[in-house]
Structures are given as structure tokens and as C-alpha cells.
$ cat input-v9.csv   # CSV, C-alpha atoms
chain,number,residue,atom,x,y,z
Y,1,MET,CA,0.0,0.0,0.0
Y,2,THR,CA,1.3,3.4,-0.9
Y,3,ALA,CA,1.4,5.9,1.9
Y,4,GLN,CA,-0.8,9.0,1.4
Y,5,THR,CA,1.1,12.3,1.5
Y,6,THR,CA,-0.7,15.2,3.0
Y,7,GLN,CA,0.1,18.8,3.9
Y,8,LYS,CA,-1.6,20.0,7.1
Y,9,THR,CA,0.2,23.2,7.7
Y,10,ASN,CA,-1.6,26.6,7.2
Y,11,PRO,CA,-0.9,27.6,3.6
Y,12,GLY,CA,-2.0,31.2,4.3
Y,13,ARG,CA,-4.9,33.1,2.7
Y,14,PHE,CA,-4.9,34.3,-0.9
Y,15,PHE,CA,-6.6,37.5,-2.1
Y,16,GLU,CA,-9.9,35.7,-3.0
Y,17,ASP,CA,-10.1,34.2,0.5
Y,18,TYR,CA,-10.8,37.6,2.1
Y,19,ALA,CA,-14.1,39.4,2.5
Y,20,VAL,CA,-15.0,42.6,4.2
Y,21,GLY,CA,-16.2,41.8,7.7
Y,22,ASP,CA,-14.1,38.7,8.2
Y,23,VAL,CA,-12.7,38.4,11.7
Y,24,LEU,CA,-9.4,36.6,12.0
Y,25,THR,CA,-8.5,35.3,15.4
Y,26,HIS,CA,-4.7,34.7,15.2
Y,27,ALA,CA,-3.0,31.7,16.8
Y,28,VAL,CA,-0.4,31.4,19.5
Y,29,PRO,CA,-0.6,34.0,22.3
Y,30,ARG,CA,2.7,35.1,23.6
Y,31,THR,CA,3.8,35.9,27.2
Y,32,VAL,CA,6.5,38.5,27.2
Y,33,LYS,CA,9.0,38.9,30.0
Y,34,MET,CA,12.3,40.6,30.8
Y,35,GLY,CA,14.1,38.3,28.3
Y,36,GLU,CA,12.2,40.1,25.6
Y,37,ARG,CA,13.7,43.4,26.7
Y,38,ALA,CA,17.2,42.0,26.8
Y,39,LEU,CA,16.9,40.6,23.3
Y,40,TYR,CA,15.4,43.8,22.0
Y,41,HIS,CA,18.3,45.8,23.4
Y,42,MET,CA,20.7,43.3,22.0
Y,43,LEU,CA,19.3,43.6,18.5
Y,44,TYR,CA,18.9,47.4,18.4
Y,45,PRO,CA,20.9,50.2,20.0
Y,46,ALA,CA,17.8,51.2,22.1
Y,47,ARG,CA,18.6,53.6,24.9
Y,48,HIS,CA,15.4,55.5,25.8
Y,49,ALA,CA,15.5,55.7,29.6
Y,50,LEU,CA,11.9,55.0,30.3
Y,51,HIS,CA,12.2,51.6,28.7
Y,52,SER,CA,15.6,50.9,30.3
Y,53,SER,CA,15.3,51.7,34.0
Y,54,ASP,CA,12.6,50.9,36.6
Y,55,GLN,CA,14.0,53.7,38.8
Y,56,PHE,CA,13.7,56.2,35.9
Y,57,ALA,CA,10.1,55.0,35.1
Y,58,GLN,CA,9.1,55.3,38.8
Y,59,GLY,CA,10.4,58.9,38.7
Y,60,CYS,CA,8.0,59.4,35.9
Y,61,GLY,CA,5.0,58.1,37.9
Y,62,LEU,CA,4.9,54.5,36.5
Y,63,PRO,CA,5.2,51.4,38.8
Y,64,PHE,CA,8.2,50.1,36.8
Y,65,SER,CA,9.6,50.2,33.3
Y,66,PRO,CA,7.3,49.0,30.6
Y,67,LEU,CA,8.6,47.0,27.6
Y,68,ASP,CA,9.5,49.0,24.6
Y,69,ASP,CA,6.5,50.2,22.6
Y,70,LEU,CA,7.8,48.5,19.5
Y,71,VAL,CA,8.0,45.1,21.3
Y,72,ALA,CA,4.2,45.3,21.6
Y,73,PHE,CA,4.0,46.2,17.9
Y,74,HIS,CA,6.2,43.4,16.7
Y,75,VAL,CA,4.5,40.7,18.9
Y,76,VAL,CA,1.0,41.8,17.8
Y,77,PHE,CA,2.1,42.1,14.2
Y,78,GLY,CA,3.9,38.7,14.2
Y,79,LYS,CA,0.7,36.9,15.2
Y,80,THR,CA,-1.1,38.2,12.1
Y,81,VAL,CA,1.4,37.1,9.5
Y,82,PRO,CA,0.1,33.5,8.9
Y,83,ASP,CA,-3.4,34.8,8.3
Y,84,VAL,CA,-2.8,38.2,6.6
Y,85,SER,CA,0.6,38.3,4.9
Y,86,LEU,CA,2.0,34.8,4.4
Y,87,ASN,CA,1.2,35.1,0.7
Y,88,ALA,CA,1.8,38.9,0.5
Y,89,VAL,CA,3.9,40.5,-2.2
Y,90,ALA,CA,4.4,43.6,-0.1
Y,91,ASN,CA,3.3,45.3,3.1
Y,92,LEU,CA,2.1,48.7,1.8
Y,93,GLY,CA,1.2,51.0,4.7
Y,94,TYR,CA,-0.1,51.8,8.1
Y,95,ALA,CA,-2.7,54.2,9.6
Y,96,GLU,CA,-4.7,54.9,12.7
Y,97,GLY,CA,-2.3,53.2,15.1
Y,98,ARG,CA,-2.6,53.8,18.8
Y,99,TRP,CA,-0.8,52.4,21.8
Y,100,LEU,CA,-3.5,52.3,24.4
Y,101,ALA,CA,-1.8,50.7,27.4
Y,102,PRO,CA,1.7,49.8,28.4
Y,103,VAL,CA,2.9,46.3,28.0
Y,104,TRP,CA,4.5,45.0,31.3
Y,105,PRO,CA,6.8,42.0,31.7
Y,106,GLY,CA,4.5,39.0,32.3
Y,107,ASP,CA,1.7,40.2,30.0
Y,108,THR,CA,0.3,37.7,27.5
Y,109,LEU,CA,-0.5,39.2,24.1
Y,110,ARG,CA,-2.8,38.0,21.4
Y,111,SER,CA,-4.1,39.5,18.2
Y,112,VAL,CA,-7.4,39.7,16.3
Y,113,SER,CA,-7.9,41.4,12.9
Y,114,GLU,CA,-10.9,42.5,11.0
Y,115,VAL,CA,-10.9,42.8,7.2
Y,116,ILE,CA,-12.1,46.3,6.4
Y,117,GLY,CA,-11.3,46.6,2.7
Y,118,VAL,CA,-10.4,44.7,-0.4
Y,119,LYS,CA,-9.5,45.9,-3.9
Y,120,GLN,CA,-8.2,43.7,-6.8
Y,121,ASN,CA,-5.3,45.2,-8.8
Y,122,SER,CA,-5.7,45.8,-12.5
Y,123,ASN,CA,-3.2,43.0,-13.4
Y,124,GLY,CA,-5.7,40.4,-12.0
Y,125,LYS,CA,-2.9,38.6,-10.2
Y,126,THR,CA,-2.9,40.4,-6.9
Y,127,GLY,CA,-5.1,42.5,-4.7
Y,128,VAL,CA,-4.9,44.8,-1.7
Y,129,VAL,CA,-6.4,43.7,1.6
Y,130,TYR,CA,-7.0,46.2,4.5
Y,131,VAL,CA,-7.1,44.9,8.1
Y,132,ARG,CA,-7.6,46.5,11.4
Y,133,THR,CA,-5.6,44.6,14.0
Y,134,LYS,CA,-6.0,44.7,17.8
Y,135,GLY,CA,-3.5,43.4,20.3
Y,136,LEU,CA,-5.0,42.3,23.6
Y,137,ASN,CA,-3.5,41.4,26.9
Y,138,GLN,CA,-4.6,38.6,29.4
Y,139,HIS,CA,-7.3,40.9,30.8
Y,140,ASP,CA,-8.8,41.4,27.3
Y,141,GLU,CA,-7.7,45.0,27.3
Y,142,THR,CA,-6.6,46.4,24.0
Y,143,VAL,CA,-3.0,47.4,24.3
Y,144,MET,CA,-2.7,48.7,20.7
Y,145,ASP,CA,-4.6,48.8,17.4
Y,146,TYR,CA,-3.7,49.8,13.9
Y,147,VAL,CA,-4.7,49.5,10.3
Y,148,ARG,CA,-2.4,48.1,7.7
Y,149,TRP,CA,-2.8,47.1,4.1
Y,150,VAL,CA,-0.9,44.4,2.1
Y,151,MET,CA,-0.7,43.3,-1.5
Y,152,VAL,CA,-1.6,39.6,-1.6
Y,153,ARG,CA,-1.3,37.1,-4.5
Y,154,LYS,CA,-4.4,35.4,-6.0
Y,155,ARG,CA,-4.4,31.6,-5.9
Y,156,ASP,CA,-6.9,31.3,-8.8
Y,157,LEU,CA,-6.4,34.0,-11.4
Y,158,ASP,CA,-9.9,33.3,-12.8
Y,159,ALA,CA,-11.6,34.0,-9.4
Y,160,PRO,CA,-14.0,37.0,-9.8
Y,161,ALA,CA,-12.9,40.3,-8.5
Y,162,PRO,CA,-14.8,41.4,-5.4
Y,163,ALA,CA,-16.6,44.7,-5.2
Y,164,PRO,CA,-13.9,47.2,-4.3
Y,165,VAL,CA,-14.1,48.6,-0.7
Y,166,VAL,CA,-11.4,51.1,0.3
Y,167,PRO,CA,-11.7,52.3,3.9
Y,168,ASP,CA,-11.6,56.1,4.5
Y,169,LEU,CA,-8.7,56.3,6.9
Y,170,ALA,CA,-7.6,59.4,9.0
Y,171,LYS,CA,-4.4,60.9,7.8
Y,172,VAL,CA,-3.4,61.8,11.4
Y,173,VAL,CA,-4.4,60.4,14.8
Y,174,ASP,CA,-6.1,63.2,16.6
Y,175,PRO,CA,-3.7,64.1,19.5
Y,176,ALA,CA,-6.8,64.5,21.8
Y,177,THR,CA,-7.3,60.7,21.5
Y,178,LEU,CA,-3.8,59.7,22.4
Y,179,ALA,CA,-3.7,57.4,25.4
Y,180,ILE,CA,-1.4,58.6,28.2
Y,181,PRO,CA,-0.4,55.8,30.6
Y,182,LYS,CA,-2.0,56.1,34.0
Y,183,GLY,CA,0.1,58.0,36.4
Y,184,LEU,CA,2.6,59.3,33.8
Y,185,SER,CA,4.2,62.6,34.8
Y,186,PHE,CA,7.3,64.4,33.5
Y,187,ALA,CA,7.0,67.1,36.2
Y,188,GLU,CA,10.2,65.8,37.9
Y,189,TYR,CA,11.9,64.5,34.8
Y,190,ASP,CA,15.6,63.9,35.1
Y,191,PHE,CA,17.2,65.2,31.9
Y,192,THR,CA,20.7,64.2,32.9
Y,193,LEU,CA,19.8,60.5,33.3
Y,194,ALA,CA,17.7,60.7,30.1
Y,195,GLY,CA,20.8,61.6,28.1
Y,196,GLU,CA,19.9,64.9,26.5
Y,197,PRO,CA,18.6,68.3,27.7
Y,198,HIS,CA,16.2,69.0,24.9
Y,199,ARG,CA,12.5,69.3,25.9
Y,200,TRP,CA,9.3,69.7,23.9
Y,201,GLY,CA,9.6,73.5,23.8
Y,202,ASP,CA,13.1,73.2,22.2
Y,203,TYR,CA,11.7,71.6,19.0
Y,204,GLN,CA,10.2,73.7,16.1
Y,205,ILE,CA,7.8,72.5,13.5
Y,206,GLY,CA,9.7,71.9,10.3
Y,207,GLU,CA,13.0,71.2,12.1
Y,208,GLN,CA,15.0,68.3,10.7
Y,209,ILE,CA,17.4,66.2,12.9
Y,210,ASP,CA,20.2,64.1,11.6
Y,211,HIS,CA,20.6,61.1,13.9
Y,212,VAL,CA,24.2,60.7,12.8
Y,213,ASP,CA,25.0,57.0,13.5
Y,214,GLY,CA,24.6,54.1,11.1
Y,215,VAL,CA,24.2,50.3,11.7
Y,216,THR,CA,24.9,47.7,9.1
Y,217,VAL,CA,22.2,45.0,9.0
Y,218,GLU,CA,23.5,41.4,9.0
Y,219,GLU,CA,21.6,38.4,7.7
Y,220,ALA,CA,21.7,36.3,11.0
Y,221,GLU,CA,20.5,39.1,13.3
Y,222,HIS,CA,17.5,40.1,11.2
Y,223,MET,CA,16.4,36.4,11.0
Y,224,MET,CA,16.8,36.0,14.7
Y,225,ALA,CA,14.7,39.2,15.3
Y,226,THR,CA,12.0,38.0,13.0
Y,227,ARG,CA,11.9,34.6,14.7
Y,228,LEU,CA,11.7,36.4,18.0
Y,229,TRP,CA,8.4,38.0,16.9
Y,230,GLN,CA,7.2,34.7,15.5
Y,231,ASN,CA,6.8,36.3,12.0
Y,232,THR,CA,6.7,33.4,9.5
Y,233,ALA,CA,6.8,35.3,6.2
Y,234,LYS,CA,8.8,33.2,3.8
Y,235,VAL,CA,10.6,36.2,2.2
Y,236,HIS,CA,12.5,36.8,5.4
Y,237,PHE,CA,14.0,33.3,5.6
Y,238,ASP,CA,13.8,31.4,2.4
Y,239,THR,CA,16.1,32.5,-0.5
Y,240,GLY,CA,13.8,30.6,-2.9
Y,241,ALA,CA,10.8,32.9,-2.0
Y,242,ARG,CA,12.1,35.9,-4.0
Y,243,PRO,CA,13.1,35.9,-7.6
Y,244,ASP,CA,16.5,37.4,-6.9
Y,245,GLY,CA,17.4,34.8,-4.3
Y,246,THR,CA,17.7,37.3,-1.4
Y,247,ARG,CA,16.1,37.4,2.0
Y,248,LEU,CA,14.1,40.6,2.6
Y,249,ILE,CA,14.8,42.3,5.9
Y,250,TYR,CA,11.6,42.5,7.9
Y,251,GLY,CA,10.2,46.0,7.8
Y,252,GLY,CA,9.7,46.1,11.5
Y,253,HIS,CA,13.5,45.5,11.9
Y,254,VAL,CA,14.1,48.7,10.0
Y,255,ILE,CA,11.5,50.5,12.1
Y,256,SER,CA,13.2,49.5,15.4
Y,257,MET,CA,16.7,50.2,14.1
Y,258,ALA,CA,15.6,53.7,13.0
Y,259,ARG,CA,13.8,54.4,16.2
Y,260,ALA,CA,16.8,53.3,18.3
Y,261,LEU,CA,19.1,55.5,16.1
Y,262,SER,CA,16.8,58.5,16.7
Y,263,PHE,CA,18.0,58.6,20.3
Y,264,ASN,CA,20.7,60.9,19.0
Y,265,GLY,CA,18.7,64.2,19.0
Y,266,LEU,CA,15.4,62.7,20.3
Y,267,ALA,CA,16.4,61.0,23.6
Y,268,ASN,CA,13.5,62.5,25.4
Y,269,ALA,CA,10.8,61.3,22.9
Y,270,GLN,CA,10.2,58.6,25.4
Y,271,MET,CA,7.0,56.7,24.4
Y,272,ILE,CA,5.4,56.1,21.0
Y,273,VAL,CA,1.6,56.6,21.4
Y,274,GLY,CA,0.3,57.0,17.8
Y,275,LEU,CA,1.1,55.8,14.3
Y,276,ASN,CA,-0.3,58.2,11.7
Y,277,ALA,CA,1.2,56.7,8.5
Y,278,GLY,CA,4.0,54.5,7.3
Y,279,ALA,CA,5.5,53.1,4.2
Y,280,HIS,CA,8.4,50.7,3.5
Y,281,ALA,CA,9.6,52.7,0.5
Y,282,ASN,CA,12.3,50.3,-0.8
Y,283,PRO,CA,13.6,46.9,0.2
Y,284,CYS,CA,16.3,46.5,2.8
Y,285,LEU,CA,18.8,43.7,2.4
Y,286,ALA,CA,21.6,42.2,4.5
Y,287,GLY,CA,24.7,44.4,4.1
Y,288,ASP,CA,22.8,47.6,3.9
Y,289,THR,CA,23.8,50.3,6.4
Y,290,ILE,CA,20.8,52.0,8.0
Y,291,HIS,CA,20.9,55.7,8.9
Y,292,ALA,CA,18.0,57.8,10.1
Y,293,TRP,CA,16.7,61.4,10.2
Y,294,SER,CA,13.6,63.0,11.6
Y,295,GLU,CA,11.4,66.0,10.9
Y,296,VAL,CA,9.1,67.6,13.4
Y,297,LEU,CA,5.6,67.7,11.9
Y,298,ASP,CA,3.5,69.0,14.8
Y,299,LYS,CA,3.2,69.4,18.5
Y,300,ALA,CA,0.3,69.1,21.0
Y,301,GLU,CA,-0.2,69.5,24.7
Y,302,THR,CA,-1.7,66.8,26.9
Y,303,ASP,CA,-3.5,66.7,30.2
Y,304,ALA,CA,-0.7,64.8,31.9
Y,305,PRO,CA,1.7,66.8,34.2
Y,306,GLY,CA,4.7,68.0,32.2
Y,307,VAL,CA,3.9,65.8,29.2
Y,308,GLY,CA,3.7,67.0,25.6
Y,309,ALA,CA,3.1,65.1,22.4
Y,310,ILE,CA,5.4,65.6,19.4
Y,311,ARG,CA,4.6,64.4,15.9
Y,312,LEU,CA,7.7,63.1,14.1
Y,313,ARG,CA,8.5,61.8,10.6
Y,314,LEU,CA,11.2,59.2,11.0
Y,315,VAL,CA,13.0,58.3,7.8
Y,316,ALA,CA,15.5,55.4,7.4
Y,317,THR,CA,17.9,55.5,4.6
Y,318,LYS,CA,20.4,53.1,3.0
Y,319,GLY,CA,23.6,55.0,3.7
Y,320,HIS,CA,23.9,58.5,5.1
Y,321,ALA,CA,21.5,60.5,3.0
Y,322,PRO,CA,19.7,63.0,5.3
Y,323,PHE,CA,16.7,65.2,4.4
Y,324,VAL,CA,16.0,64.1,0.9
Y,325,LEU,CA,12.8,62.0,0.7
Y,326,ARG,CA,11.5,62.1,-2.9
Y,327,GLY,CA,12.9,62.7,-6.3
Y,328,GLU,CA,11.6,65.2,-8.9
Y,329,ASP,CA,9.1,62.6,-10.1
Y,330,GLY,CA,7.5,62.6,-6.6
Y,331,LYS,CA,8.6,59.0,-5.9
Y,332,TYR,CA,10.7,57.9,-3.0
Y,333,ARG,CA,14.4,58.1,-3.7
Y,334,SER,CA,16.0,54.7,-4.0
Y,335,GLU,CA,18.0,55.1,-0.8
Y,336,VAL,CA,14.9,55.7,1.3
Y,337,LEU,CA,13.9,52.5,3.2
Y,338,LEU,CA,11.2,53.8,5.6
Y,339,ASP,CA,8.9,56.8,6.0
Y,340,LEU,CA,7.1,56.6,9.4
Y,341,ASP,CA,4.9,59.3,10.8
Y,342,TYR,CA,4.2,58.9,14.6
Y,343,TRP,CA,3.3,60.7,17.9
Y,344,ALA,CA,5.6,60.4,20.9
Y,345,LEU,CA,5.5,61.7,24.4
Y,346,MET,CA,8.1,64.2,25.6
Y,347,PRO,CA,8.7,66.4,28.7
Y,348,LEU,CA,7.5,70.0,28.3
$ encode --input "input-v9.csv" --output "C-alpha cells"
Amino acid sequence: MTAQTTQKTNPGRFFEDYAVGDVLTHAVPRTVKMGERALYHMLYPARHALHSSDQFAQGCGLPFSPLDDLVAFHVVFGKTVPDVSLNAVANLGYAEGRWLAPVWPGDTLRSVSEVIGVKQNSNGKTGVVYVRTKGLNQHDETVMDYVRWVMVRKRDLDAPAPAPVVPDLAKVVDPATLAIPKGLSFAEYDFTLAGEPHRWGDYQIGEQIDHVDGVTVEEAEHMMATRLWQNTAKVHFDTGARPDGTRLIYGGHVISMARALSFNGLANAQMIVGLNAGAHANPCLAGDTIHAWSEVLDKAETDAPGVGAIRLRLVATKGHAPFVLRGEDGKYRSEVLLDLDYWALMPL
């Protein structure tokens, strides 16, 4: 008798498998502890004091130091990959992201997504899927939510195109809706221990900041990071998954590297609380050296003592190429890897 060969793993969804209103409950909750912080700080040159020191965090009114905001993002994002982007061609953008509660060591995170839009591309081979993802902790509290959209392959090119639904997304998260962690106060903020003297009032809208340092991305470290977040996208691991035989650096790896580099000049932008927009402009590959620069887009006051919100554009580039985002044709320049628009909390 010939043994029957079967494949029981999740093959991922293709474009025609999505419909507006679908709710995707993603597998494998993840408990995050202090090891997560140690690994995060090993992978990235992260030095923001609030995420490094219990004593500093307690001086800011928190019970102890929360995990880095992007740890929450990566864990929540990683859960969604098998159901949203396993068969994606590209992750296209982000909007309406909010960090709603700190993630503490010992929290267990899980993710749920709702399909809020679909639109087949004119080539008939791919389509764009829009999802709103929530990350929840063990108390069923939403710690963050965001919208992202991905270009996904079709399995059956003859499958009929769905009626297009493109969600109307806010260009900017209203600063009045930003969630300030309970108890947070920068009234007694220690600028010496934070590393820089620059406060909210020292930054001007339109100001551009060169973050100076660069970090060369290596193959092994990005794959280790991507495994850490349990992101199973084939393009990050399998050289056969891309026509050119390269492994694509996970876009979140570029986000975290650029955010860590932004300490130089923005050491007091302590917590990320809003994600307005984001684009992975060009692929990043092993051997590329990431540099970063920021532009101040807006500022807002908050109700928390001594706490202001600052809206920043964070740009990661391949090589040191500050302050040039697009060419004369309006398209991103080839050296631009990331264009991220976010809100952060900073002492007044």
C-alpha cells in the first residue's frame, strides 16, 4: 500500500479568501518577560531611559519600566502574518495606530484582525487587503490597534474580483485621542539621566534632525529578530521565496533600528503613542547600512503633568542621505527605506 502524502500546515490566505467583515483570530498567544527586553536591546541600540530603568520610570510616575512600545507592535504584528501576509507581495502601509496601554513584563499578548477593505489590482494577479488589528492582553484590554494594508497574491487568477471597498482612513491620529499611561508625569523629569537636555519647547515644527550614526544590518540578526516576533513570512527566511534569491529584511526590523538611532537628538521622545502613517519605501537587504533622520511635523499639549506630544516623521535610509525623501518625479528616492509618521510623548 502506498502511503498517502498530505500537507496539514496553514498555507495562508490568498486574495480571493478575504471578504470585508471577516474576523481573524490569530493563533499562539505570547507571554513577554524581561528576556524580551534583553533581546530587544541586544538587537537594536535602544537607549530611551523610560524603557531601560525601573527607577527612571518610577520617577515618571509609573510602577516600573514597561517593555519598549515596538516590542508590543512586533509581537502583535507577528501573530497576524500567517493569516494576513503569508502570501503577500508587499506590506504597503499603516494608519490609525494607537498604543492604548503599556505592556508590562509578564503580560500575555494575542491578536485579532478584521478585514475592512479589499480591492483587486488591474493585473488580475494580486489585490490589496486592508485589516484593522487589535493586540489584547490577558485581561482582554486592547494594548494597541492599527490598520495596515498588504498586496496579496491570488491563488486562482480566474476568481472573480470582489466589489472594491477602500476604507476612509484618517491621515493623522487626533492628538486629543492619544492614550497617556495612567500616572505618567514628567514634572520631575531627570534630563541628565535621560541623556539629552532638549525638551518639547526646544523643537520647532519643520525642524530636521540628523541622527548621525549608522548600523549595518546582518543576515543572521534580522532572521533572529524575525523569529523572536514569530513572524513566519517566507521572504525573510527562504532564498527561494524571492526571484533574486535574497532574504528581505523584515520592515519592523528597520523601524526598530531607525527608532533606536533616533535617540541621537530625540532621547526625550520617550514613548510612542500614535502611528499616523508609514511606508516601507524600498527593500532592505543584508549588508545595507541604515541611517536615520527625523522631521518635526506637529506638537500638542496633553493633560498629563509636564507631558507634551510631538509628531515626528522618521526616515530610514540606506547609507547616510539626510533630508531628501523624494525625487523630482514625486517617488521615494532609491535610498529611502522607511517613511514613518508617529506621535511620541516628551517632557514639556
$ residues_around --input "input-v9.csv" --residues "Glu96 of chain Y" --least-positions-apart "2" --cutoff "6 Å" --atoms "only C-alpha atoms" --output "compact mmCIF listing (two decimals) with C-alpha atoms, in the coordinates of the input"
# COMPACT_ATOMS: atom_id res chain seq x y z
CA TYR Y 146 -3.70 49.80 13.90
CA VAL Y 147 -4.70 49.50 10.30
CA VAL Y 173 -4.40 60.40 14.80
CA ASN Y 276 -0.30 58.20 11.70
$ residues_around --input "input-v9.csv" --residues "Ala260 of chain Y" --least-positions-apart "5" --cutoff "7 Å" --atoms "only C-alpha atoms" --output "VMD selection string"
chain Y and resid 44 to 47
$ atom_distance --input "input-v9.csv" --atom1 "atom CA of Pro160 of chain Y" --atom2 "atom CA of Leu24 of chain Y"
22.3 Å
$ residues_around --input "input-v9.csv" --residues "Asp341 of chain Y" --least-positions-apart "2" --cutoff "10 Å" --atoms "only C-alpha atoms" --output "list in words"
Tyr94, Ala95, Lys171, Val172, Gly274, Leu275, Asn276, Ala277, Gly278, Ala279, Ser294, Glu295, Val296, Leu297, Arg311, Leu312, Arg313, Leu314, Val315, Leu338, Asp339 and Trp343 of chain Y
$ residues_around --input "input-v9.csv" --residues "Val152 of chain Y" --least-positions-apart "2" --cutoff "8 Å" --atoms "all atoms listed in the file" --output "PyMOL selection string"
chain Y and resi 14-15+85+87-90+126-129+150+154
$ closest_residue --input "input-v9.csv" --among "Y:Ile209, Y:Thr6, Y:Ala194, Y:Val143" --to "Gly59 of chain Y" --atoms "only C-alpha atoms"
Y:Ala194
$ closest_residue --input "input-v9.csv" --among "Y:Asp156, Y:Asp303, Y:Asp83, Y:Glu221" --to "Arg13 of chain Y" --atoms "only C-alpha atoms"
Y:Asp83
$ residues_around --input "input-v9.csv" --residues "Arg30 of chain Y" --least-positions-apart "4" --cutoff "8 Å" --atoms "all atoms listed in the file" --output "PDB file with C-alpha atoms, in the coordinates of the input"
ATOM      1  CA  VAL Y  75       4.500  40.700  18.900  1.00  0.00           C
ATOM      2  CA  THR Y 108       0.300  37.700  27.500  1.00  0.00           C
ATOM      3  CA  LEU Y 109      -0.500  39.200  24.100  1.00  0.00           C
ATOM      4  CA  ARG Y 110      -2.800  38.000  21.400  1.00  0.00           C
TER       5      ARG Y 110
END
$ residues_near_point --input "input-v9.csv" --point "(-8.9, 43.1, 10.1)" --cutoff "12 Å" --atoms "all atoms listed in the file" --output "JSON, numbers by chain"
{"Y": [18, 19, 20, 21, 22, 23, 24, 25, 26, 77, 80, 81, 83, 84, 85, 111, 112, 113, 114, 115, 116, 117, 118, 129, 130, 131, 132, 133, 134, 135, 145, 146, 147, 148, 149, 150, 167]}
$ closest_residue --input "input-v9.csv" --among "Y:Pro305, Y:Gly251, Y:Gly93, Y:Gly245" --to "Glu188 of chain Y" --atoms "all atoms listed in the file"
Y:Pro305
$ closest_residue --input "input-v9.csv" --among "Y:Gln204, Y:Ser65, Y:Thr317, Y:Asn123" --to "Ser334 of chain Y" --atoms "all atoms listed in the file"
Y:Thr317
$ atom_distance --input "input-v9.csv" --atom1 "atom CA of Pro29 of chain Y" --atom2 "atom CA of Phe64 of chain Y"
23.4 Å
$ closest_residue --input "input-v9.csv" --among "Y:Lys299, Y:Cys284, Y:Leu266, Y:Met151" --to "Gly252 of chain Y" --atoms "all atoms listed in the file"
Y:Cys284
